[in-house]
$ cat coords-v2.txt   # compact mmCIF, C-alpha atoms
# COMPACT_ATOMS: atom_id res chain seq x y z
CA MET A 1 145.44 -97.38 149.94
CA THR A 2 144.44 -100.95 150.70
CA ALA A 3 147.29 -101.16 153.19
CA LEU A 4 146.18 -97.93 154.85
CA PHE A 5 142.62 -99.24 155.19
CA ALA A 6 143.78 -102.62 156.52
CA ALA A 7 146.12 -101.03 159.06
CA SER A 8 143.38 -98.66 160.17
CA VAL A 9 140.91 -101.50 160.67
CA ALA A 10 143.46 -103.60 162.55
CA VAL A 11 144.37 -100.80 164.96
CA ARG A 12 140.73 -99.95 165.65
CA LEU A 13 139.66 -103.54 166.17
CA TRP A 14 142.54 -104.07 168.58
CA ALA A 15 141.58 -100.98 170.61
CA SER A 16 137.80 -101.53 170.66
CA ASP A 17 135.57 -103.64 172.88
CA LEU A 18 132.89 -104.71 170.44
CA GLN A 19 130.86 -106.52 173.11
CA GLY A 20 131.15 -103.77 175.73
CA PRO A 21 128.06 -102.16 177.28
CA LEU A 22 126.58 -98.86 176.13
CA ILE A 23 128.11 -96.62 178.76
CA SER A 24 127.42 -93.01 177.84
CA GLY A 25 123.95 -91.48 177.71
CA ASP A 26 124.59 -90.48 174.11
CA GLU A 27 125.24 -94.08 173.08
CA GLN A 28 122.11 -95.29 174.83
CA GLU A 29 119.95 -92.63 173.20
CA TYR A 30 121.32 -93.28 169.73
CA HIS A 31 120.73 -97.02 170.19
CA PHE A 32 117.18 -96.41 171.40
CA LEU A 33 116.31 -94.06 168.52
CA ALA A 34 117.75 -96.51 166.00
CA ASN A 35 115.55 -99.28 167.39
CA GLN A 36 112.51 -97.00 167.26
CA LEU A 37 113.18 -96.42 163.57
CA LYS A 38 113.89 -100.09 162.94
CA GLU A 39 110.60 -101.11 164.55
CA GLY A 40 108.66 -98.59 162.49
CA ASN A 41 107.86 -96.28 165.41
CA GLY A 42 109.38 -93.22 163.76
CA PHE A 43 111.75 -90.74 165.33
CA THR A 44 110.11 -90.85 168.75
CA ASP A 45 111.11 -90.75 172.41
CA ILE A 46 110.49 -93.30 175.16
CA ASN A 47 106.86 -92.15 175.43
CA GLY A 48 106.28 -92.54 171.71
CA ALA A 49 106.15 -88.79 171.16
CA PRO A 50 108.00 -87.20 168.22
CA THR A 51 111.39 -85.85 169.23
CA ALA A 52 114.07 -83.57 167.81
CA TRP A 53 116.42 -83.80 170.79
CA ARG A 54 118.94 -85.55 168.57
CA THR A 55 119.53 -84.89 164.91
CA PRO A 56 118.52 -87.92 162.83
CA GLY A 57 121.67 -88.68 160.83
CA PHE A 58 123.38 -91.17 163.13
CA PRO A 59 120.20 -92.91 164.36
CA VAL A 60 119.19 -93.47 160.72
CA PHE A 61 122.64 -94.93 160.02
CA LEU A 62 122.36 -97.24 163.04
CA ALA A 63 118.82 -98.25 162.07
CA LEU A 64 120.08 -99.26 158.65
CA ILE A 65 122.83 -101.39 160.22
CA TYR A 66 120.37 -102.97 162.67
CA THR A 67 117.90 -103.72 159.88
CA LEU A 68 120.58 -105.46 157.86
CA THR A 69 122.43 -107.31 160.63
CA GLY A 70 120.27 -107.28 163.77
CA ALA A 71 120.04 -104.82 166.65
CA ASP A 72 123.41 -105.67 168.15
CA PRO A 73 125.63 -102.69 169.12
CA ALA A 74 128.66 -104.79 168.13
CA ASN A 75 127.51 -104.63 164.51
CA ALA A 76 127.18 -100.86 164.75
CA ARG A 77 130.66 -100.59 166.24
CA LEU A 78 132.07 -102.63 163.36
CA ALA A 79 130.34 -100.32 160.87
CA SER A 80 131.72 -97.26 162.64
CA ILE A 81 135.21 -98.79 162.60
CA ALA A 82 134.86 -99.42 158.87
CA LEU A 83 133.87 -95.81 158.21
CA SER A 84 136.73 -94.47 160.31
CA ALA A 85 139.15 -96.79 158.51
CA LEU A 86 137.81 -95.79 155.08
CA THR A 87 138.49 -92.16 155.98
CA ALA A 88 142.25 -92.85 155.76
CA PRO A 89 142.27 -93.64 152.00
CA LEU A 90 139.83 -90.78 151.44
CA ILE A 91 142.31 -88.44 153.10
CA TYR A 92 145.11 -89.89 150.95
CA LEU A 93 143.16 -89.21 147.74
CA LEU A 94 142.05 -85.79 148.96
CA VAL A 95 145.64 -84.69 149.46
CA ILE A 96 146.63 -86.09 146.05
CA PHE A 97 144.00 -83.94 144.35
CA LEU A 98 144.48 -80.94 146.62
CA ILE A 99 148.28 -80.73 146.85
CA LYS A 100 149.40 -83.32 144.25
CA LYS A 101 152.21 -84.69 146.41
CA ARG A 102 152.25 -88.34 147.42
CA SER A 103 154.55 -87.66 150.37
CA ASN A 104 151.97 -85.29 151.88
CA ALA A 105 149.18 -87.76 151.16
CA PHE A 106 150.98 -90.66 152.82
CA VAL A 107 151.90 -88.67 155.94
CA ALA A 108 148.34 -87.35 156.32
CA ALA A 109 146.77 -90.81 155.94
CA VAL A 110 149.21 -92.43 158.39
CA ILE A 111 148.47 -89.75 160.99
CA TRP A 112 144.75 -90.54 160.68
CA VAL A 113 145.36 -94.28 160.97
CA PHE A 114 147.08 -93.87 164.35
CA LEU A 115 145.26 -90.79 165.71
CA PRO A 116 144.09 -91.86 169.20
CA THR A 117 140.90 -89.74 169.15
CA SER A 118 139.87 -91.35 165.87
CA ILE A 119 140.65 -94.80 167.22
CA PHE A 120 138.66 -94.24 170.42
CA LEU A 121 135.56 -92.78 168.75
CA SER A 122 135.49 -95.42 166.00
CA GLY A 123 134.65 -98.12 168.55
CA THR A 124 131.72 -96.26 170.08
CA LEU A 125 128.11 -95.58 169.18
CA LEU A 126 128.87 -91.88 168.74
CA ALA A 127 128.27 -89.89 165.58
CA GLU A 128 131.67 -88.25 165.12
CA SER A 129 133.22 -91.03 162.99
CA LEU A 130 130.27 -90.93 160.59
CA ALA A 131 130.48 -87.12 160.39
CA ALA A 132 134.23 -87.20 159.72
CA PHE A 133 133.75 -89.78 156.95
CA LEU A 134 130.99 -87.73 155.29
CA ILE A 135 133.06 -84.54 155.40
CA ALA A 136 136.13 -86.28 153.99
CA ALA A 137 134.03 -87.77 151.17
CA ALA A 138 132.40 -84.40 150.42
CA PHE A 139 135.77 -82.65 150.32
CA LEU A 140 137.24 -85.30 148.04
CA ILE A 141 134.36 -85.15 145.56
CA ALA A 142 134.44 -81.35 145.48
CA VAL A 143 138.20 -81.12 145.02
CA ALA A 144 138.37 -83.93 142.46
CA SER A 145 135.61 -82.31 140.41
CA ILE A 146 137.78 -79.25 139.86
CA GLU A 147 139.95 -81.45 137.64
CA LYS A 148 136.93 -82.75 135.69
CA SER A 149 134.88 -79.75 134.67
CA LYS A 150 132.15 -81.86 133.01
CA LEU A 151 131.39 -83.47 136.36
CA SER A 152 131.48 -80.29 138.42
CA ARG A 153 127.73 -79.64 138.65
CA GLY A 154 126.89 -83.15 139.78
CA ALA A 155 129.87 -83.19 142.13
CA ALA A 156 128.81 -79.87 143.63
CA ALA A 157 125.35 -81.32 144.31
CA VAL A 158 126.64 -84.59 145.79
CA SER A 159 129.26 -82.91 147.94
CA GLY A 160 126.61 -80.51 149.21
CA LEU A 161 124.29 -83.38 150.11
CA LEU A 162 127.11 -85.09 152.03
CA MET A 163 127.82 -81.92 153.99
CA GLY A 164 124.12 -81.68 154.82
CA ALA A 165 124.15 -85.31 155.97
CA ALA A 166 127.19 -84.58 158.16
CA THR A 167 125.28 -81.71 159.76
CA LEU A 168 122.33 -84.00 160.46
CA SER A 169 124.80 -86.36 162.12
CA ARG A 170 126.13 -83.68 164.47
CA GLY A 171 124.20 -80.42 164.62
CA TYR A 172 127.18 -78.35 165.78
CA LEU A 173 128.52 -78.68 162.21
CA ILE A 174 125.81 -76.34 160.92
CA LEU A 175 128.21 -73.59 159.86
CA ILE A 176 130.32 -75.88 157.68
CA LEU A 177 127.45 -75.95 155.18
CA VAL A 178 129.05 -72.85 153.62
CA VAL A 179 132.58 -74.32 153.41
CA LEU A 180 132.35 -76.01 150.00
CA PRO A 181 130.19 -73.30 148.39
CA LEU A 182 132.92 -70.82 149.31
CA TYR A 183 135.57 -73.22 148.03
CA PHE A 184 133.78 -73.49 144.66
CA LEU A 185 133.35 -69.72 144.60
CA PHE A 186 136.98 -68.83 145.26
CA SER A 187 138.87 -71.78 143.72
CA LYS A 188 136.68 -72.50 140.70
CA ARG A 189 135.52 -68.89 140.42
CA SER A 190 132.04 -70.21 139.76
CA LYS A 191 128.96 -68.65 141.34
CA LYS A 192 126.82 -71.33 139.68
CA LEU A 193 128.70 -74.24 141.30
CA ALA A 194 128.70 -72.44 144.64
CA ALA A 195 124.93 -71.92 144.42
CA ILE A 196 124.30 -75.57 143.45
CA CYS A 197 126.46 -76.83 146.31
CA LEU A 198 124.80 -74.53 148.84
CA ALA A 199 121.29 -75.45 147.69
CA PHE A 200 121.96 -79.16 148.13
CA ALA A 201 123.91 -78.61 151.37
CA VAL A 202 120.95 -76.98 153.09
CA LEU A 203 118.38 -79.35 151.59
CA LEU A 204 118.47 -82.15 154.18
CA PRO A 205 118.77 -79.84 157.23
CA ALA A 206 115.94 -77.70 155.83
CA LEU A 207 113.68 -80.74 155.41
CA TRP A 208 114.43 -81.82 158.98
CA ILE A 209 113.73 -78.33 160.33
CA ALA A 210 110.46 -78.24 158.38
CA ARG A 211 109.50 -81.60 159.91
CA ASN A 212 110.13 -80.22 163.39
CA ALA A 213 108.12 -77.10 162.63
CA VAL A 214 105.13 -79.24 161.65
CA VAL A 215 105.44 -82.04 164.20
CA LEU A 216 106.79 -80.14 167.23
CA GLY A 217 105.73 -76.61 166.41
CA SER A 218 109.34 -75.51 166.55
CA PRO A 219 111.53 -74.88 163.45
CA THR A 220 114.70 -76.17 165.09
CA LEU A 221 117.62 -78.34 164.04
CA SER A 222 117.83 -79.84 167.54
CA THR A 223 116.05 -79.04 170.76
CA GLU A 224 119.18 -80.23 172.58
CA GLY A 225 121.02 -77.23 171.16
CA ALA A 226 119.11 -74.92 173.47
CA GLN A 227 120.26 -76.86 176.52
CA VAL A 228 123.84 -76.92 175.26
CA ILE A 229 123.88 -73.13 174.84
CA TRP A 230 122.53 -72.66 178.36
CA HIS A 231 125.02 -75.11 179.85
CA GLY A 232 127.85 -73.27 178.12
CA ASN A 233 126.92 -69.84 179.45
CA ASN A 234 125.07 -70.20 182.75
CA ARG A 235 126.48 -69.37 186.19
CA TRP A 236 127.77 -72.93 186.63
CA SER A 237 129.66 -73.00 183.34
CA ARG A 238 133.43 -73.47 183.36
CA GLY A 239 133.95 -73.61 179.60
CA THR A 240 133.21 -77.30 179.07
CA TRP A 241 130.46 -79.76 179.95
CA ASN A 242 129.59 -79.43 183.63
CA GLY A 243 129.29 -82.89 185.14
CA GLU A 244 127.46 -81.38 188.11
CA TRP A 245 124.32 -81.68 185.99
CA PHE A 246 124.24 -85.42 186.70
CA THR A 247 124.95 -85.27 190.44
CA THR A 248 122.37 -85.68 193.20
CA GLY A 249 121.04 -82.27 194.20
CA SER A 250 122.48 -80.58 191.12
CA GLY A 251 122.29 -76.81 191.50
CA GLN A 252 121.34 -76.39 187.86
CA ARG A 253 118.48 -78.87 188.10
CA GLU A 254 117.22 -77.47 191.41
CA TYR A 255 117.23 -73.97 189.94
CA LEU A 256 115.06 -75.04 187.00
CA ILE A 257 112.68 -77.10 189.15
CA GLN A 258 112.12 -74.24 191.62
CA LYS A 259 111.63 -71.61 188.93
CA TYR A 260 109.60 -73.84 186.60
CA PRO A 261 107.66 -76.44 188.63
CA GLY A 262 107.32 -79.70 186.75
CA PHE A 263 110.14 -78.72 184.39
CA PHE A 264 111.35 -82.28 183.79
CA ASP A 265 108.04 -84.10 184.28
CA ASN A 266 105.26 -81.95 182.87
CA LEU A 267 106.78 -79.73 180.19
CA SER A 268 107.19 -80.81 176.59
CA GLU A 269 110.53 -81.02 174.84
CA ARG A 270 109.72 -77.84 172.90
CA GLU A 271 108.74 -75.97 176.06
CA ARG A 272 111.94 -76.96 177.85
CA ALA A 273 114.01 -75.86 174.85
CA ARG A 274 112.30 -72.47 174.89
CA ILE A 275 113.12 -72.06 178.58
CA TYR A 276 116.74 -73.07 178.03
CA LEU A 277 117.09 -70.39 175.37
CA ASP A 278 115.42 -67.75 177.54
CA GLU A 279 117.68 -68.62 180.46
CA ALA A 280 120.76 -68.56 178.24
CA ALA A 281 119.82 -65.15 176.89
CA ALA A 282 119.32 -63.85 180.43
CA ASP A 283 122.66 -65.23 181.63
CA ILE A 284 124.56 -63.86 178.63
CA SER A 285 122.99 -60.40 178.80
CA GLY A 286 123.21 -60.32 182.60
CA GLU A 287 126.93 -61.11 182.81
CA PRO A 288 128.43 -60.49 179.35
CA VAL A 289 131.96 -60.03 180.69
CA ARG A 290 131.94 -63.39 182.48
CA VAL A 291 130.62 -65.09 179.36
CA LEU A 292 133.27 -63.36 177.24
CA LEU A 293 136.00 -64.50 179.62
CA LEU A 294 134.82 -68.08 179.15
CA THR A 295 135.77 -67.95 175.46
CA PRO A 296 139.49 -68.81 175.92
CA ARG A 297 138.54 -71.71 178.17
CA LYS A 298 136.02 -73.02 175.63
CA LEU A 299 138.61 -72.90 172.86
CA PHE A 300 141.18 -74.54 175.13
CA PHE A 301 138.86 -77.47 175.84
CA PHE A 302 138.02 -77.67 172.13
CA LEU A 303 141.71 -77.96 171.23
CA THR A 304 142.96 -79.90 174.24
CA PRO A 305 144.74 -83.23 173.63
CA TYR A 306 143.61 -84.69 176.97
CA SER A 307 140.04 -85.61 177.86
CA TYR A 308 137.78 -88.47 178.95
CA MET A 309 138.87 -90.12 175.69
CA GLY A 310 142.45 -90.30 176.97
CA LEU A 311 145.62 -88.52 175.91
CA ASP A 312 145.91 -87.94 172.17
CA TRP A 313 149.71 -88.04 172.03
CA LEU A 314 149.82 -87.89 168.23
CA TYR A 315 147.69 -84.74 168.23
CA ILE A 316 150.22 -83.14 170.60
CA VAL A 317 153.06 -84.01 168.23
CA CYS A 318 151.20 -82.81 165.15
CA PHE A 319 149.65 -79.61 166.48
CA PRO A 320 152.80 -77.43 166.07
CA PHE A 321 153.21 -78.76 162.53
CA ALA A 322 149.54 -77.97 161.83
CA LEU A 323 150.14 -74.37 162.91
CA ALA A 324 153.22 -74.27 160.69
CA GLY A 325 151.21 -75.70 157.79
CA ALA A 326 148.48 -73.10 158.28
CA PHE A 327 151.09 -70.32 158.30
CA MET A 328 152.68 -71.68 155.11
CA ILE A 329 149.48 -71.80 153.07
CA LEU A 330 148.36 -68.37 154.26
CA ARG A 331 151.79 -66.91 153.52
CA ARG A 332 151.83 -68.03 149.88
CA LYS A 333 149.23 -66.31 147.75
CA LYS A 334 148.80 -69.25 145.37
CA ASP A 335 148.05 -71.58 148.30
CA ARG A 336 145.53 -69.40 150.11
CA GLU A 337 142.51 -70.94 148.44
CA LEU A 338 143.40 -74.14 150.34
CA SER A 339 142.40 -72.35 153.53
CA TRP A 340 138.71 -72.81 152.64
CA ILE A 341 139.20 -76.57 152.95
CA LEU A 342 141.94 -76.75 155.60
CA ILE A 343 141.36 -73.83 158.00
CA PHE A 344 137.84 -72.46 157.59
CA PRO A 345 136.03 -75.66 158.73
CA VAL A 346 137.88 -75.50 162.06
CA ILE A 347 136.86 -71.86 162.46
CA CYS A 348 133.22 -72.78 161.76
CA VAL A 349 133.14 -75.42 164.50
CA ALA A 350 135.11 -73.18 166.89
CA ALA A 351 132.45 -70.49 166.45
CA ILE A 352 129.76 -72.91 167.65
CA VAL A 353 132.02 -73.94 170.54
CA VAL A 354 132.26 -70.29 171.62
CA LEU A 355 128.47 -70.11 171.57
CA ALA A 356 128.14 -73.37 173.55
CA PHE A 357 131.06 -75.07 175.33
CA GLY A 358 134.35 -76.74 174.46
CA ASP A 359 134.89 -80.46 174.03
CA PRO A 360 137.60 -82.25 171.97
CA ARG A 361 134.92 -84.59 170.69
CA PHE A 362 133.47 -81.63 168.78
CA ARG A 363 136.83 -81.27 167.04
CA HIS A 364 136.94 -84.76 165.59
CA PRO A 365 134.82 -84.25 162.43
CA VAL A 366 137.32 -81.54 161.39
CA ASP A 367 140.39 -83.32 162.73
CA LEU A 368 141.14 -84.18 159.12
CA CYS A 369 141.95 -80.47 158.67
CA PHE A 370 144.57 -80.69 161.43
CA VAL A 371 145.86 -83.90 159.82
CA LEU A 372 146.27 -82.30 156.39
CA LEU A 373 147.84 -79.15 157.81
CA SER A 374 150.23 -81.29 159.86
CA ALA A 375 151.26 -83.21 156.76
CA ILE A 376 151.94 -79.96 154.93
CA GLY A 377 153.96 -78.62 157.84
CA ILE A 378 155.97 -81.83 158.29
CA THR A 379 156.82 -82.37 154.63
CA ARG A 380 157.64 -78.74 153.86
CA LEU A 381 159.77 -78.30 156.97
CA ALA A 382 161.53 -81.56 156.12
CA ALA A 383 162.20 -80.27 152.60
CA VAL A 384 163.54 -76.96 153.92
CA THR A 385 165.79 -78.78 156.40
CA LYS A 386 167.10 -81.08 153.68
CA ARG A 387 167.83 -78.11 151.41
CA LEU A 388 169.67 -76.23 154.15
CA VAL A 389 171.79 -79.27 154.97
CA SER A 390 172.58 -79.80 151.29
CA ASN A 391 173.56 -76.14 150.87
CA GLN A 392 175.74 -76.27 153.95
CA ARG A 393 177.55 -79.34 152.63
CA ALA A 394 177.96 -77.72 149.22
CA ASP A 395 179.71 -74.74 150.83
CA ILE A 396 182.38 -76.98 152.39
CA PRO A 397 185.40 -77.33 150.02
CA ARG A 398 186.34 -80.87 149.11
CA GLY A 399 189.02 -82.36 151.29
CA GLN A 400 188.28 -79.94 154.13
CA PRO A 401 186.70 -81.25 157.31
CA ALA A 402 183.19 -80.05 158.10
CA SER A 403 184.26 -78.83 161.54
CA SER A 404 187.48 -77.64 163.15
CA ASP A 405 186.56 -79.08 166.54
$ encode --input "coords-v2.txt" --output "structure tokens"
Amino acid sequence: MTALFAASVAVRLWASDLQGPLISGDEQEYHFLANQLKEGNGFTDINGAPTAWRTPGFPVFLALIYTLTGADPANARLASIALSALTAPLIYLLVIFLIKKRSNAFVAAVIWVFLPTSIFLSGTLLAESLAAFLIAAAFLIAVASIEKSKLSRGAAAVSGLLMGAATLSRGYLILILVVLPLYFLFSKRSKKLAAICLAFAVLLPALWIARNAVVLGSPTLSTEGAQVIWHGNNRWSRGTWNGEWFTTGSGQREYLIQKYPGFFDNLSERERARIYLDEAAADISGEPVRVLLLTPRKLFFFLTPYSYMGLDWLYIVCFPFALAGAFMILRRKKDRELSWILIFPVICVAAIVVLAFGDPRFRHPVDLCFVLLSAIGITRLAAVTKRLVSNQRADIPRGQPASSD
């Protein structure tokens, strides 16, 4: 496992520009929020007003790094690289406990080490690497606790807290809060463990939503979510993020300004979120067929190997094996409980994508599911191939050539 971690760190350091500028708007906002927290200004926007545009998980993580090492994005990138690298040994251990085969564990961990999407995101100030690490840790604790019944209650609580923290890192993970409770329910056959895990999973998001209800007057996980839903379903939507939003004379912006004068300058964050939701509801109800037809495109962009992050060549190679792995565990009754860990999380995120829009970045926190399924597909197909070859050789009488050609 040490070798896996070291290789993962080396690859990510080689591919990352630690001193590079904060390019994306997301990176700049996360950096700003982290500095606000570090300076004791609370979770506030540029005007000093409380905000819930972003969920607090990643800014809190960055603020902790900045407090310990100074407000240098390079330090945050190093921390993100470390978390992404640590995910490789976590995946190795997860597979050991889940499938109990070292060959599967090694293949899965190696795929993660060299997965281009993981490498790219690890060197940025984006929350996906943190979310992936938290999910991997939560899965490992939950699965390992099945072997140690005395630790199950505490493990159920801790794994639930980690899933809640992952959701506060990226709000689109909200539905995965039920993943581990269902896993405890159907694999451990324990309603008590499922209830404990669910209670602790919703704890942190519930506290954040309560804060927003009091401070902003809106019980929301993220006010940005309303904009995302509108962007994914309005008349300009093409199934993924529409870059037209940032262009001069953007049709979307002009529409909002004309219909709601002072939309960007005079309305509060809560008021804008309410309008986004109203507009989304109107667009969806007004053209339900068009919105429905966007679904395949949203899922395509969610699953695509090519994006602004580059071409994820390893994902292309592994995807067919992941499908094969999914088919294998669903086909065998004794393996079906694995689907709660390996398949259901992807479905949960895909459901949010259908509601909003597709982006391969949204896939990354659950890429470990594709990695594990790929490892299952690769190793089992390799075993089947080896068995077929051995049987074929056994059928050839000694002294007789294998072919008459």
$ closest_residue --input "coords-v2.txt" --among "A:Ala156, A:Leu140, A:Leu173, A:Val179" --to "A:Pro365" --atoms "all atoms listed in the file"
A:Leu173
$ atom_distance --input "coords-v2.txt" --atom1 "atom CA of A:Thr385" --atom2 "atom CA of A:Leu4"
27.5 Å
$ closest_residue --input "coords-v2.txt" --among "A:Ala375, A:Ile135, A:Val289, A:Leu204" --to "A:Val110" --atoms "all atoms listed in the file"
A:Ala375
$ atom_distance --input "coords-v2.txt" --atom1 "atom CA of A:Ile378" --atom2 "atom CA of A:Leu93"
18.2 Å
$ atom_distance --input "coords-v2.txt" --atom1 "atom CA of A:Leu83" --atom2 "atom CA of A:Leu177"
21.1 Å
$ residues_around --input "coords-v2.txt" --residues "A:Thr67" --least-positions-apart "3" --cutoff "12 Å" --atoms "only C-alpha atoms" --output "VMD selection string"
chain A and resid 34 to 40 59 to 64 70 to 72 75 to 76
$ residues_near_point --input "coords-v2.txt" --point "(151.0, -72.2, 154.3)" --cutoff "12 Å" --atoms "only C-alpha atoms" --output "ChimeraX atom specification"
/A:99,321-339,342-343,372-381
$ residues_around --input "coords-v2.txt" --residues "A:Trp313" --least-positions-apart "3" --cutoff "12 Å" --atoms "only C-alpha atoms" --output "PyMOL selection string"
chain A and resi 111+114-117+304-307+309-310+316-319
$ residues_around --input "coords-v2.txt" --residues "A:Ala15" --least-positions-apart "5" --cutoff "9 Å" --atoms "all atoms listed in the file" --output "list in words"
Ala10, Ile119, Phe120 and Gly123 of chain A
$ closest_atom_pairs --input "coords-v2.txt" --of "stretch 30-129 of chain A" --to "stretch 266-274 of chain A" --cutoff "9 Å" --atoms "only C-alpha atoms" --output "CSV"
residue,atom,partner,partner_atom,distance
A:Thr51,CA,A:Glu269,CA,7.5
A:Ala52,CA,A:Glu269,CA,8.3
A:Trp53,CA,A:Glu269,CA,7.7
$ closest_residue --input "coords-v2.txt" --among "A:Gln19, A:Pro181, A:Glu128, A:Arg363" --to "A:Ala195" --atoms "all atoms listed in the file"
A:Pro181
